[in-house]
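Source file: data-v4.pdb; contents: PDB, C-alpha atoms.
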ATOM      1  CA  MET G   1     -42.105 -13.303 -56.464  1.00  0.00           C
ATOM      2  CA  THR G   2     -42.124  -9.769 -55.027  1.00  0.00           C
ATOM      3  CA  GLU G   3     -39.067  -9.094 -52.902  1.00  0.00           C
ATOM      4  CA  GLN G   4     -39.527  -8.191 -49.237  1.00  0.00           C
ATOM      5  CA  LYS G   5     -37.664  -4.868 -48.933  1.00  0.00           C
ATOM      6  CA  ALA G   6     -38.741  -3.745 -45.468  1.00  0.00           C
ATOM      7  CA  THR G   7     -36.685  -5.093 -42.569  1.00  0.00           C
ATOM      8  CA  ASN G   8     -37.342  -5.288 -38.844  1.00  0.00           C
ATOM      9  CA  VAL G   9     -41.038  -6.004 -39.359  1.00  0.00           C
ATOM     10  CA  THR G  10     -43.049  -8.462 -37.275  1.00  0.00           C
ATOM     11  CA  TRP G  11     -46.444 -10.010 -37.990  1.00  0.00           C
ATOM     12  CA  HIS G  12     -49.030  -9.226 -35.303  1.00  0.00           C
ATOM     13  CA  ASP G  13     -51.941 -11.595 -34.809  1.00  0.00           C
ATOM     14  CA  HIS G  14     -55.399 -10.078 -34.377  1.00  0.00           C
ATOM     15  CA  ARG G  15     -57.294 -10.420 -31.105  1.00  0.00           C
ATOM     16  CA  VAL G  16     -60.526 -10.760 -33.099  1.00  0.00           C
ATOM     17  CA  SER G  17     -60.447 -13.933 -35.176  1.00  0.00           C
ATOM     18  CA  LYS G  18     -61.731 -14.411 -38.711  1.00  0.00           C
ATOM     19  CA  GLU G  19     -64.353 -16.790 -37.318  1.00  0.00           C
ATOM     20  CA  GLU G  20     -65.618 -14.132 -34.916  1.00  0.00           C
ATOM     21  CA  ARG G  21     -65.890 -11.607 -37.743  1.00  0.00           C
ATOM     22  CA  VAL G  22     -67.813 -14.105 -39.876  1.00  0.00           C
ATOM     23  CA  ALA G  23     -70.177 -14.795 -36.981  1.00  0.00           C
ATOM     24  CA  LEU G  24     -70.809 -11.072 -36.515  1.00  0.00           C
ATOM     25  CA  ASN G  25     -71.473 -10.524 -40.235  1.00  0.00           C
ATOM     26  CA  GLY G  26     -73.702 -13.578 -40.540  1.00  0.00           C
ATOM     27  CA  HIS G  27     -71.939 -14.897 -43.645  1.00  0.00           C
ATOM     28  CA  LYS G  28     -68.521 -16.019 -44.846  1.00  0.00           C
ATOM     29  CA  GLY G  29     -65.897 -13.756 -46.348  1.00  0.00           C
ATOM     30  CA  ALA G  30     -64.941 -14.436 -49.958  1.00  0.00           C
ATOM     31  CA  VAL G  31     -63.399 -12.938 -53.079  1.00  0.00           C
ATOM     32  CA  LEU G  32     -65.560 -13.002 -56.207  1.00  0.00           C
ATOM     33  CA  TRP G  33     -62.916 -12.559 -58.905  1.00  0.00           C
ATOM     34  CA  PHE G  34     -64.587 -11.470 -62.146  1.00  0.00           C
ATOM     35  CA  THR G  35     -62.253 -11.797 -65.134  1.00  0.00           C
ATOM     36  CA  GLY G  36     -62.749 -11.361 -68.866  1.00  0.00           C
ATOM     37  CA  LEU G  37     -62.071  -9.146 -71.840  1.00  0.00           C
ATOM     38  CA  SER G  38     -62.771  -5.434 -71.794  1.00  0.00           C
ATOM     39  CA  GLY G  39     -66.444  -4.991 -72.637  1.00  0.00           C
ATOM     40  CA  CYS G  40     -67.500  -8.470 -71.503  1.00  0.00           C
ATOM     41  CA  GLY G  41     -69.687  -6.977 -68.764  1.00  0.00           C
ATOM     42  CA  LYS G  42     -67.678  -7.980 -65.700  1.00  0.00           C
ATOM     43  CA  SER G  43     -67.914  -4.597 -63.941  1.00  0.00           C
ATOM     44  CA  THR G  44     -71.647  -4.357 -64.544  1.00  0.00           C
ATOM     45  CA  VAL G  45     -72.261  -7.914 -63.365  1.00  0.00           C
ATOM     46  CA  ALA G  46     -70.021  -7.400 -60.320  1.00  0.00           C
ATOM     47  CA  ASN G  47     -71.907  -4.258 -59.315  1.00  0.00           C
ATOM     48  CA  THR G  48     -75.268  -5.938 -59.853  1.00  0.00           C
ATOM     49  CA  VAL G  49     -74.189  -8.862 -57.665  1.00  0.00           C
ATOM     50  CA  ASP G  50     -73.015  -6.384 -55.038  1.00  0.00           C
ATOM     51  CA  HIS G  51     -76.419  -4.669 -55.135  1.00  0.00           C
ATOM     52  CA  LEU G  52     -78.283  -7.972 -54.775  1.00  0.00           C
ATOM     53  CA  LEU G  53     -76.124  -9.036 -51.848  1.00  0.00           C
ATOM     54  CA  HIS G  54     -76.482  -5.634 -50.183  1.00  0.00           C
ATOM     55  CA  GLN G  55     -80.265  -6.020 -50.403  1.00  0.00           C
ATOM     56  CA  ARG G  56     -79.849  -9.246 -48.451  1.00  0.00           C
ATOM     57  CA  LYS G  57     -77.908  -7.367 -45.745  1.00  0.00           C
ATOM     58  CA  ALA G  58     -74.561  -8.920 -46.677  1.00  0.00           C
ATOM     59  CA  HIS G  59     -71.362  -6.996 -45.981  1.00  0.00           C
ATOM     60  CA  THR G  60     -69.844  -6.351 -49.405  1.00  0.00           C
ATOM     61  CA  PHE G  61     -67.539  -4.111 -51.409  1.00  0.00           C
ATOM     62  CA  VAL G  62     -66.565  -3.739 -55.077  1.00  0.00           C
ATOM     63  CA  LEU G  63     -63.004  -3.290 -56.303  1.00  0.00           C
ATOM     64  CA  ASP G  64     -63.145  -2.145 -59.937  1.00  0.00           C
ATOM     65  CA  GLY G  65     -60.169  -2.065 -62.286  1.00  0.00           C
ATOM     66  CA  ASP G  66     -60.418   1.545 -63.467  1.00  0.00           C
ATOM     67  CA  ASN G  67     -61.269   2.858 -59.998  1.00  0.00           C
ATOM     68  CA  ILE G  68     -58.260   1.143 -58.432  1.00  0.00           C
ATOM     69  CA  ARG G  69     -55.985   2.534 -61.136  1.00  0.00           C
ATOM     70  CA  MET G  70     -57.106   6.021 -60.167  1.00  0.00           C
ATOM     71  CA  GLY G  71     -55.867   5.542 -56.611  1.00  0.00           C
ATOM     72  CA  LEU G  72     -53.973   2.606 -55.168  1.00  0.00           C
ATOM     73  CA  ASN G  73     -52.391   1.623 -58.487  1.00  0.00           C
ATOM     74  CA  LYS G  74     -52.198   4.945 -60.288  1.00  0.00           C
ATOM     75  CA  ASN G  75     -48.423   4.536 -60.649  1.00  0.00           C
ATOM     76  CA  LEU G  76     -48.857   1.411 -62.806  1.00  0.00           C
ATOM     77  CA  GLY G  77     -49.216   1.187 -66.567  1.00  0.00           C
ATOM     78  CA  PHE G  78     -50.193  -1.724 -68.794  1.00  0.00           C
ATOM     79  CA  SER G  79     -46.905  -3.473 -69.429  1.00  0.00           C
ATOM     80  CA  PRO G  80     -46.896  -7.194 -68.543  1.00  0.00           C
ATOM     81  CA  GLU G  81     -44.882  -6.381 -65.402  1.00  0.00           C
ATOM     82  CA  ASP G  82     -47.272  -3.628 -64.329  1.00  0.00           C
ATOM     83  CA  ARG G  83     -50.290  -5.798 -65.002  1.00  0.00           C
ATOM     84  CA  THR G  84     -48.814  -8.485 -62.753  1.00  0.00           C
ATOM     85  CA  GLU G  85     -48.105  -5.974 -59.985  1.00  0.00           C
ATOM     86  CA  ASN G  86     -51.599  -4.533 -60.364  1.00  0.00           C
ATOM     87  CA  ILE G  87     -53.147  -7.942 -59.726  1.00  0.00           C
ATOM     88  CA  ARG G  88     -50.714  -8.761 -56.907  1.00  0.00           C
ATOM     89  CA  ARG G  89     -51.748  -5.633 -55.009  1.00  0.00           C
ATOM     90  CA  ILE G  90     -55.427  -6.279 -55.596  1.00  0.00           C
ATOM     91  CA  GLY G  91     -54.962  -9.835 -54.389  1.00  0.00           C
ATOM     92  CA  GLU G  92     -53.472  -8.612 -51.120  1.00  0.00           C
ATOM     93  CA  VAL G  93     -56.248  -6.046 -50.632  1.00  0.00           C
ATOM     94  CA  SER G  94     -58.891  -8.662 -51.433  1.00  0.00           C
ATOM     95  CA  LYS G  95     -57.360 -10.988 -48.860  1.00  0.00           C
ATOM     96  CA  LEU G  96     -57.808  -8.326 -46.182  1.00  0.00           C
ATOM     97  CA  PHE G  97     -61.498  -7.974 -47.066  1.00  0.00           C
ATOM     98  CA  ALA G  98     -62.017 -11.742 -46.930  1.00  0.00           C
ATOM     99  CA  GLU G  99     -60.296 -11.934 -43.541  1.00  0.00           C
ATOM    100  CA  ALA G 100     -62.687  -9.239 -42.308  1.00  0.00           C
ATOM    101  CA  GLY G 101     -65.590 -11.508 -43.266  1.00  0.00           C
ATOM    102  CA  ILE G 102     -66.595  -9.311 -46.204  1.00  0.00           C
ATOM    103  CA  ILE G 103     -67.652 -10.522 -49.656  1.00  0.00           C
ATOM    104  CA  VAL G 104     -65.538  -8.477 -52.055  1.00  0.00           C
ATOM    105  CA  THR G 105     -66.250  -8.478 -55.775  1.00  0.00           C
ATOM    106  CA  THR G 106     -63.367  -7.587 -58.056  1.00  0.00           C
ATOM    107  CA  ALA G 107     -63.642  -6.685 -61.737  1.00  0.00           C
ATOM    108  CA  PHE G 108     -60.292  -6.836 -63.507  1.00  0.00           C
ATOM    109  CA  ILE G 109     -59.328  -8.113 -66.940  1.00  0.00           C
ATOM    110  CA  SER G 110     -56.467  -9.911 -65.130  1.00  0.00           C
ATOM    111  CA  PRO G 111     -55.308 -11.511 -68.390  1.00  0.00           C
ATOM    112  CA  TYR G 112     -52.626 -13.840 -67.037  1.00  0.00           C
ATOM    113  CA  ARG G 113     -53.637 -17.194 -65.583  1.00  0.00           C
ATOM    114  CA  GLU G 114     -50.560 -17.326 -63.355  1.00  0.00           C
ATOM    115  CA  ASP G 115     -51.415 -13.998 -61.726  1.00  0.00           C
ATOM    116  CA  ARG G 116     -54.972 -15.123 -60.937  1.00  0.00           C
ATOM    117  CA  ASP G 117     -53.690 -18.425 -59.555  1.00  0.00           C
ATOM    118  CA  LYS G 118     -51.311 -16.560 -57.246  1.00  0.00           C
ATOM    119  CA  VAL G 119     -54.237 -14.635 -55.790  1.00  0.00           C
ATOM    120  CA  ARG G 120     -56.059 -17.930 -55.246  1.00  0.00           C
ATOM    121  CA  GLU G 121     -53.019 -19.224 -53.351  1.00  0.00           C
ATOM    122  CA  LEU G 122     -53.127 -16.199 -51.019  1.00  0.00           C
ATOM    123  CA  LEU G 123     -56.576 -17.088 -49.770  1.00  0.00           C
ATOM    124  CA  GLY G 124     -58.012 -19.852 -47.642  1.00  0.00           C
ATOM    125  CA  GLU G 125     -59.751 -22.916 -49.037  1.00  0.00           C
ATOM    126  CA  GLY G 126     -62.888 -21.877 -50.911  1.00  0.00           C
ATOM    127  CA  GLU G 127     -62.385 -18.141 -50.396  1.00  0.00           C
ATOM    128  CA  PHE G 128     -61.392 -17.413 -54.002  1.00  0.00           C
ATOM    129  CA  ILE G 129     -64.212 -17.763 -56.520  1.00  0.00           C
ATOM    130  CA  GLU G 130     -63.021 -17.239 -60.078  1.00  0.00           C
ATOM    131  CA  ILE G 131     -65.850 -16.039 -62.315  1.00  0.00           C
ATOM    132  CA  TYR G 132     -65.119 -15.944 -66.030  1.00  0.00           C
ATOM    133  CA  VAL G 133     -67.437 -13.512 -67.785  1.00  0.00           C
ATOM    134  CA  LYS G 134     -67.123 -15.117 -71.186  1.00  0.00           C
ATOM    135  CA  ALA G 135     -67.800 -13.048 -74.269  1.00  0.00           C
ATOM    136  CA  SER G 136     -66.256 -13.362 -77.711  1.00  0.00           C
ATOM    137  CA  LEU G 137     -63.897 -10.694 -78.986  1.00  0.00           C
ATOM    138  CA  GLU G 138     -66.532  -9.885 -81.626  1.00  0.00           C
ATOM    139  CA  THR G 139     -69.148  -9.254 -78.945  1.00  0.00           C
ATOM    140  CA  CYS G 140     -66.812  -7.080 -76.891  1.00  0.00           C
ATOM    141  CA  GLU G 141     -65.730  -5.070 -79.922  1.00  0.00           C
ATOM    142  CA  ALA G 142     -69.342  -4.533 -80.935  1.00  0.00           C
ATOM    143  CA  ARG G 143     -70.142  -3.211 -77.463  1.00  0.00           C
ATOM    144  CA  ASP G 144     -66.928  -1.200 -76.987  1.00  0.00           C
ATOM    145  CA  PRO G 145     -68.505   0.999 -74.263  1.00  0.00           C
ATOM    146  CA  LYS G 146     -65.329   3.052 -73.745  1.00  0.00           C
ATOM    147  CA  GLY G 147     -64.249   3.197 -77.387  1.00  0.00           C
ATOM    148  CA  LEU G 148     -61.027   1.360 -76.510  1.00  0.00           C
ATOM    149  CA  TYR G 149     -61.194  -1.317 -79.196  1.00  0.00           C
ATOM    150  CA  LYS G 150     -61.611   1.333 -81.865  1.00  0.00           C
ATOM    151  CA  LYS G 151     -58.503   3.109 -80.557  1.00  0.00           C
ATOM    152  CA  ALA G 152     -56.580  -0.163 -80.322  1.00  0.00           C
ATOM    153  CA  ARG G 153     -57.474  -1.086 -83.910  1.00  0.00           C
ATOM    154  CA  ALA G 154     -56.335   2.361 -85.003  1.00  0.00           C
ATOM    155  CA  GLY G 155     -52.997   1.881 -83.252  1.00  0.00           C
ATOM    156  CA  GLU G 156     -53.688   4.590 -80.693  1.00  0.00           C
ATOM    157  CA  ILE G 157     -53.482   2.107 -77.786  1.00  0.00           C
ATOM    158  CA  LYS G 158     -50.669  -0.424 -77.626  1.00  0.00           C
ATOM    159  CA  GLY G 159     -50.727  -3.667 -75.645  1.00  0.00           C
ATOM    160  CA  PHE G 160     -54.519  -3.892 -75.554  1.00  0.00           C
ATOM    161  CA  THR G 161     -55.822  -7.228 -74.303  1.00  0.00           C
ATOM    162  CA  GLY G 162     -57.440  -9.262 -77.050  1.00  0.00           C
ATOM    163  CA  ILE G 163     -55.915  -7.188 -79.847  1.00  0.00           C
ATOM    164  CA  ASP G 164     -52.135  -7.124 -79.450  1.00  0.00           C
ATOM    165  CA  ALA G 165     -51.831  -8.526 -75.921  1.00  0.00           C
ATOM    166  CA  PRO G 166     -52.979 -11.962 -74.756  1.00  0.00           C
ATOM    167  CA  TYR G 167     -55.886 -13.048 -72.590  1.00  0.00           C
ATOM    168  CA  GLU G 168     -55.501 -16.467 -70.994  1.00  0.00           C
ATOM    169  CA  GLU G 169     -58.909 -17.993 -70.319  1.00  0.00           C
ATOM    170  CA  PRO G 170     -59.454 -19.643 -66.929  1.00  0.00           C
ATOM    171  CA  GLU G 171     -59.110 -23.418 -67.052  1.00  0.00           C
ATOM    172  CA  ASN G 172     -60.969 -24.258 -63.833  1.00  0.00           C
ATOM    173  CA  ALA G 173     -63.159 -21.276 -62.984  1.00  0.00           C
ATOM    174  CA  GLU G 174     -65.820 -21.853 -60.351  1.00  0.00           C
ATOM    175  CA  LEU G 175     -68.316 -20.107 -62.632  1.00  0.00           C
ATOM    176  CA  VAL G 176     -68.412 -19.364 -66.368  1.00  0.00           C
ATOM    177  CA  LEU G 177     -71.008 -16.753 -67.315  1.00  0.00           C
ATOM    178  CA  ASP G 178     -72.288 -16.688 -70.903  1.00  0.00           C
ATOM    179  CA  SER G 179     -72.171 -12.968 -71.584  1.00  0.00           C
ATOM    180  CA  ASP G 180     -72.653 -13.494 -75.332  1.00  0.00           C
ATOM    181  CA  ASN G 181     -76.200 -14.762 -74.885  1.00  0.00           C
ATOM    182  CA  LYS G 182     -77.471 -13.736 -71.440  1.00  0.00           C
ATOM    183  CA  GLY G 183     -78.335 -10.401 -69.876  1.00  0.00           C
ATOM    184  CA  ILE G 184     -76.756  -8.796 -66.830  1.00  0.00           C
ATOM    185  CA  ASP G 185     -79.598  -9.642 -64.434  1.00  0.00           C
ATOM    186  CA  ASP G 186     -79.530 -13.317 -65.387  1.00  0.00           C
ATOM    187  CA  LEU G 187     -75.756 -13.508 -65.005  1.00  0.00           C
ATOM    188  CA  ALA G 188     -75.854 -11.794 -61.609  1.00  0.00           C
ATOM    189  CA  ALA G 189     -78.601 -14.161 -60.474  1.00  0.00           C
ATOM    190  CA  GLU G 190     -76.387 -17.126 -61.405  1.00  0.00           C
ATOM    191  CA  VAL G 191     -73.634 -15.801 -59.136  1.00  0.00           C
ATOM    192  CA  VAL G 192     -75.962 -15.270 -56.171  1.00  0.00           C
ATOM    193  CA  ALA G 193     -77.485 -18.720 -56.695  1.00  0.00           C
ATOM    194  CA  TYR G 194     -73.983 -20.225 -56.591  1.00  0.00           C
ATOM    195  CA  LEU G 195     -73.221 -18.430 -53.318  1.00  0.00           C
ATOM    196  CA  ASP G 196     -76.478 -19.684 -51.851  1.00  0.00           C
ATOM    197  CA  GLU G 197     -75.883 -23.242 -53.002  1.00  0.00           C
ATOM    198  CA  LYS G 198     -72.336 -23.350 -51.611  1.00  0.00           C
ATOM    199  CA  GLY G 199     -73.276 -21.822 -48.249  1.00  0.00           C
ATOM    200  CA  TYR G 200     -71.370 -18.547 -48.520  1.00  0.00           C
ATOM    201  CA  LEU G 201     -74.348 -16.484 -47.408  1.00  0.00           C
ATOM    202  CA  SER G 202     -74.589 -18.091 -43.984  1.00  0.00           C
ATOM    203  CA  ALA G 203     -72.115 -18.029 -41.106  1.00  0.00           C
TER     204      ALA G 203
END
Here is the file; what I need is its structure written in the form of structure tokens.
Amino acid sequence: MTEQKATNVTWHDHRVSKEERVALNGHKGAVLWFTGLSGCGKSTVANTVDHLLHQRKAHTFVLDGDNIRMGLNKNLGFSPEDRTENIRRIGEVSKLFAEAGIIVTTAFISPYREDRDKVRELLGEGEFIEIYVKASLETCEARDPKGLYKKARAGEIKGFTGIDAPYEEPENAELVLDSDNKGIDDLAAEVVAYLDEKGYLSA
């Protein structure tokens, strides 16, 4: 657990409630947590889902792993401790979006099950939707869009998830997307269909 270092701080309740924000937006706030190996397609699917939801006038935003590491988390590396802190911070930011009645899509490898479960615990009932973009290591290595697997195999990158660092698959994800056999548009459509079915796209 992260230690509370600041003292003399007091929580202030908002005059505008979460329910009022949801009513204004016309849909519920939620966190779509895309997880999976590097190269599985999670960022592309997340951005496609965001585009589809935007077309339907939903209030959305994408938090992408590399983008966040260029700003908010640029002081973190890829040690197990830094990975955990990376996800903790993203969880807190995602919670703020959900409380604002926004549907936020996040695309992070987030390799540790415990870290993802802690984010789930931060959020209200049904607000955390874990989406496992499932692709085999062979598929991800064959794609290797950033050339990272090649570098990891050559020993140029240490602690690379799937090669010499673990990835713990979700055990009870709300959605499992078959990225080995389906295209991006089909996978994104599955996510939007789930949101429709479960009532997330209405207030």
Next item on the list: Return the single residue from G:Pro170, G:Gly26, G:Gly41, G:Gly183 that is closest to Leu201 in chain G, with distances computed using only C-alpha atoms.
Entry: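 Counting only C-alpha atoms, the residue closest to Leu201 in chain G is G:Gly26.
Distances to Val104 in chain G were evaluated for G:Asp180, G:Glu141, G:Glu127, G:Glu81 using all atoms listed in the file, and the minimum falls at G:Glu127.
The smallest atom-to-atom distance between Asn181 in chain G and any of G:Ser136, G:Ile68, G:Trp33, G:Glu99, using all atoms listed in the file, is found for G:Ser136.
Rounded to one decimal, CA of Leu137 in chain G and CA of Thr106 in chain G lie 21.2 Å from each other.
Residues matching the PyMOL selection byres ((chain G and resi 187) around 10) in this structure come to Gly41, Lys42, Val45, Ala46, Thr48, Val49, Val133, Val176, Leu177, Asp178, Ser179, Asn181, Lys182, Gly183, Ile184, Asp185, Asp186, Ala188, Ala189, Glu190, Val191, Val192 and Ala193 of chain G.
In this comparison, which uses all atoms listed in the file, the residue of G:Arg83, G:Lys18, G:Lys198, G:His59 approaching Ser110 in chain G most closely is G:Arg83.
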Notebook entry, point to check: For Ile131 in chain G, which residue out of G:Ile163, G:Val22, G:Val93, G:Glu169 is the nearest one, using all atoms listed in the file?
Noted result: G:Glu169
Margin query: Here's the selection I'm unsure about, the PyMOL selection byres ((chain G and resi 50) around 8); applied to the file above, which residues does it give, as a PyMOL selection string?
Written below: chain G and resi 46-49+51-54+60-62+105
Margin query: Nearest residue to Ser94 in chain G out of G:Val31, G:Glu138, G:Pro145, G:Asp115, using all atoms listed in the file?
Written below: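 When distances to Ser94 in chain G are compared using all atoms listed in the file, the smallest one comes from G:Val31.
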File for range 83-110 of chain G (N, CA and C atoms), as a PDB file, in the first residue's frame:
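File produced: part_36.pdb:
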ATOM      1  N   ARG G  83       6.510  -0.573 -12.193  1.00  0.00           N
ATOM      2  CA  ARG G  83       5.317  -1.004 -12.920  1.00  0.00           C
ATOM      3  C   ARG G  83       4.083  -0.884 -12.023  1.00  0.00           C
ATOM      4  N   THR G  84       4.236  -1.315 -10.770  1.00  0.00           N
ATOM      5  CA  THR G  84       3.126  -1.239  -9.822  1.00  0.00           C
ATOM      6  C   THR G  84       2.714   0.212  -9.577  1.00  0.00           C
ATOM      7  N   GLU G  85       3.689   1.096  -9.406  1.00  0.00           N
ATOM      8  CA  GLU G  85       3.384   2.503  -9.186  1.00  0.00           C
ATOM      9  C   GLU G  85       2.752   3.130 -10.431  1.00  0.00           C
ATOM     10  N   ASN G  86       3.217   2.726 -11.589  1.00  0.00           N
ATOM     11  CA  ASN G  86       2.643   3.200 -12.846  1.00  0.00           C
ATOM     12  C   ASN G  86       1.142   2.904 -12.902  1.00  0.00           C
ATOM     13  N   ILE G  87       0.778   1.677 -12.563  1.00  0.00           N
ATOM     14  CA  ILE G  87      -0.624   1.278 -12.621  1.00  0.00           C
ATOM     15  C   ILE G  87      -1.424   1.929 -11.493  1.00  0.00           C
ATOM     16  N   ARG G  88      -0.808   2.094 -10.330  1.00  0.00           N
ATOM     17  CA  ARG G  88      -1.513   2.759  -9.221  1.00  0.00           C
ATOM     18  C   ARG G  88      -1.914   4.178  -9.623  1.00  0.00           C
ATOM     19  N   ARG G  89      -0.986   4.907 -10.213  1.00  0.00           N
ATOM     20  CA  ARG G  89      -1.281   6.288 -10.618  1.00  0.00           C
ATOM     21  C   ARG G  89      -2.372   6.322 -11.686  1.00  0.00           C
ATOM     22  N   ILE G  90      -2.265   5.427 -12.648  1.00  0.00           N
ATOM     23  CA  ILE G  90      -3.265   5.385 -13.708  1.00  0.00           C
ATOM     24  C   ILE G  90      -4.631   5.040 -13.134  1.00  0.00           C
ATOM     25  N   GLY G  91      -4.642   4.137 -12.159  1.00  0.00           N
ATOM     26  CA  GLY G  91      -5.899   3.788 -11.510  1.00  0.00           C
ATOM     27  C   GLY G  91      -6.553   4.995 -10.868  1.00  0.00           C
ATOM     28  N   GLU G  92      -5.767   5.805 -10.189  1.00  0.00           N
ATOM     29  CA  GLU G  92      -6.309   7.002  -9.535  1.00  0.00           C
ATOM     30  C   GLU G  92      -6.816   8.018 -10.560  1.00  0.00           C
ATOM     31  N   VAL G  93      -6.065   8.185 -11.651  1.00  0.00           N
ATOM     32  CA  VAL G  93      -6.502   9.111 -12.704  1.00  0.00           C
ATOM     33  C   VAL G  93      -7.784   8.593 -13.359  1.00  0.00           C
ATOM     34  N   SER G  94      -7.824   7.293 -13.611  1.00  0.00           N
ATOM     35  CA  SER G  94      -9.011   6.695 -14.233  1.00  0.00           C
ATOM     36  C   SER G  94     -10.241   6.875 -13.352  1.00  0.00           C
ATOM     37  N   LYS G  95     -10.045   6.759 -12.053  1.00  0.00           N
ATOM     38  CA  LYS G  95     -11.146   6.945 -11.109  1.00  0.00           C
ATOM     39  C   LYS G  95     -11.731   8.351 -11.234  1.00  0.00           C
ATOM     40  N   LEU G  96     -10.875   9.346 -11.400  1.00  0.00           N
ATOM     41  CA  LEU G  96     -11.352  10.716 -11.549  1.00  0.00           C
ATOM     42  C   LEU G  96     -12.210  10.859 -12.804  1.00  0.00           C
ATOM     43  N   PHE G  97     -11.772  10.247 -13.901  1.00  0.00           N
ATOM     44  CA  PHE G  97     -12.559  10.292 -15.138  1.00  0.00           C
ATOM     45  C   PHE G  97     -13.920   9.649 -14.931  1.00  0.00           C
ATOM     46  N   ALA G  98     -13.934   8.478 -14.298  1.00  0.00           N
ATOM     47  CA  ALA G  98     -15.204   7.769 -14.081  1.00  0.00           C
ATOM     48  C   ALA G  98     -16.143   8.595 -13.217  1.00  0.00           C
ATOM     49  N   GLU G  99     -15.595   9.259 -12.199  1.00  0.00           N
ATOM     50  CA  GLU G  99     -16.425  10.089 -11.322  1.00  0.00           C
ATOM     51  C   GLU G  99     -16.987  11.300 -12.057  1.00  0.00           C
ATOM     52  N   ALA G 100     -16.300  11.710 -13.129  1.00  0.00           N
ATOM     53  CA  ALA G 100     -16.778  12.826 -13.946  1.00  0.00           C
ATOM     54  C   ALA G 100     -17.807  12.360 -14.975  1.00  0.00           C
ATOM     55  N   GLY G 101     -18.130  11.063 -14.946  1.00  0.00           N
ATOM     56  CA  GLY G 101     -19.120  10.536 -15.886  1.00  0.00           C
ATOM     57  C   GLY G 101     -18.561  10.293 -17.268  1.00  0.00           C
ATOM     58  N   ILE G 102     -17.238  10.148 -17.360  1.00  0.00           N
ATOM     59  CA  ILE G 102     -16.570   9.939 -18.644  1.00  0.00           C
ATOM     60  C   ILE G 102     -16.210   8.464 -18.798  1.00  0.00           C
ATOM     61  N   ILE G 103     -16.281   7.962 -20.026  1.00  0.00           N
ATOM     62  CA  ILE G 103     -15.815   6.605 -20.321  1.00  0.00           C
ATOM     63  C   ILE G 103     -14.352   6.718 -20.733  1.00  0.00           C
ATOM     64  N   VAL G 104     -13.466   6.236 -19.896  1.00  0.00           N
ATOM     65  CA  VAL G 104     -12.034   6.317 -20.177  1.00  0.00           C
ATOM     66  C   VAL G 104     -11.531   4.939 -20.573  1.00  0.00           C
ATOM     67  N   THR G 105     -10.825   4.877 -21.693  1.00  0.00           N
ATOM     68  CA  THR G 105     -10.202   3.634 -22.123  1.00  0.00           C
ATOM     69  C   THR G 105      -8.723   3.711 -21.805  1.00  0.00           C
ATOM     70  N   THR G 106      -8.200   2.663 -21.178  1.00  0.00           N
ATOM     71  CA  THR G 106      -6.786   2.637 -20.839  1.00  0.00           C
ATOM     72  C   THR G 106      -6.128   1.468 -21.553  1.00  0.00           C
ATOM     73  N   ALA G 107      -4.930   1.669 -22.047  1.00  0.00           N
ATOM     74  CA  ALA G 107      -4.198   0.612 -22.747  1.00  0.00           C
ATOM     75  C   ALA G 107      -2.821   0.467 -22.114  1.00  0.00           C
ATOM     76  N   PHE G 108      -2.716  -0.479 -21.206  1.00  0.00           N
ATOM     77  CA  PHE G 108      -1.474  -0.737 -20.481  1.00  0.00           C
ATOM     78  C   PHE G 108      -1.241  -2.243 -20.409  1.00  0.00           C
ATOM     79  N   ILE G 109      -0.009  -2.664 -20.581  1.00  0.00           N
ATOM     80  CA  ILE G 109       0.295  -4.085 -20.409  1.00  0.00           C
ATOM     81  C   ILE G 109      -0.208  -4.532 -19.048  1.00  0.00           C
ATOM     82  N   SER G 110       0.054  -3.729 -18.018  1.00  0.00           N
ATOM     83  CA  SER G 110      -0.365  -4.007 -16.634  1.00  0.00           C
ATOM     84  C   SER G 110      -0.242  -5.503 -16.328  1.00  0.00           C
TER      85      SER G 110
END
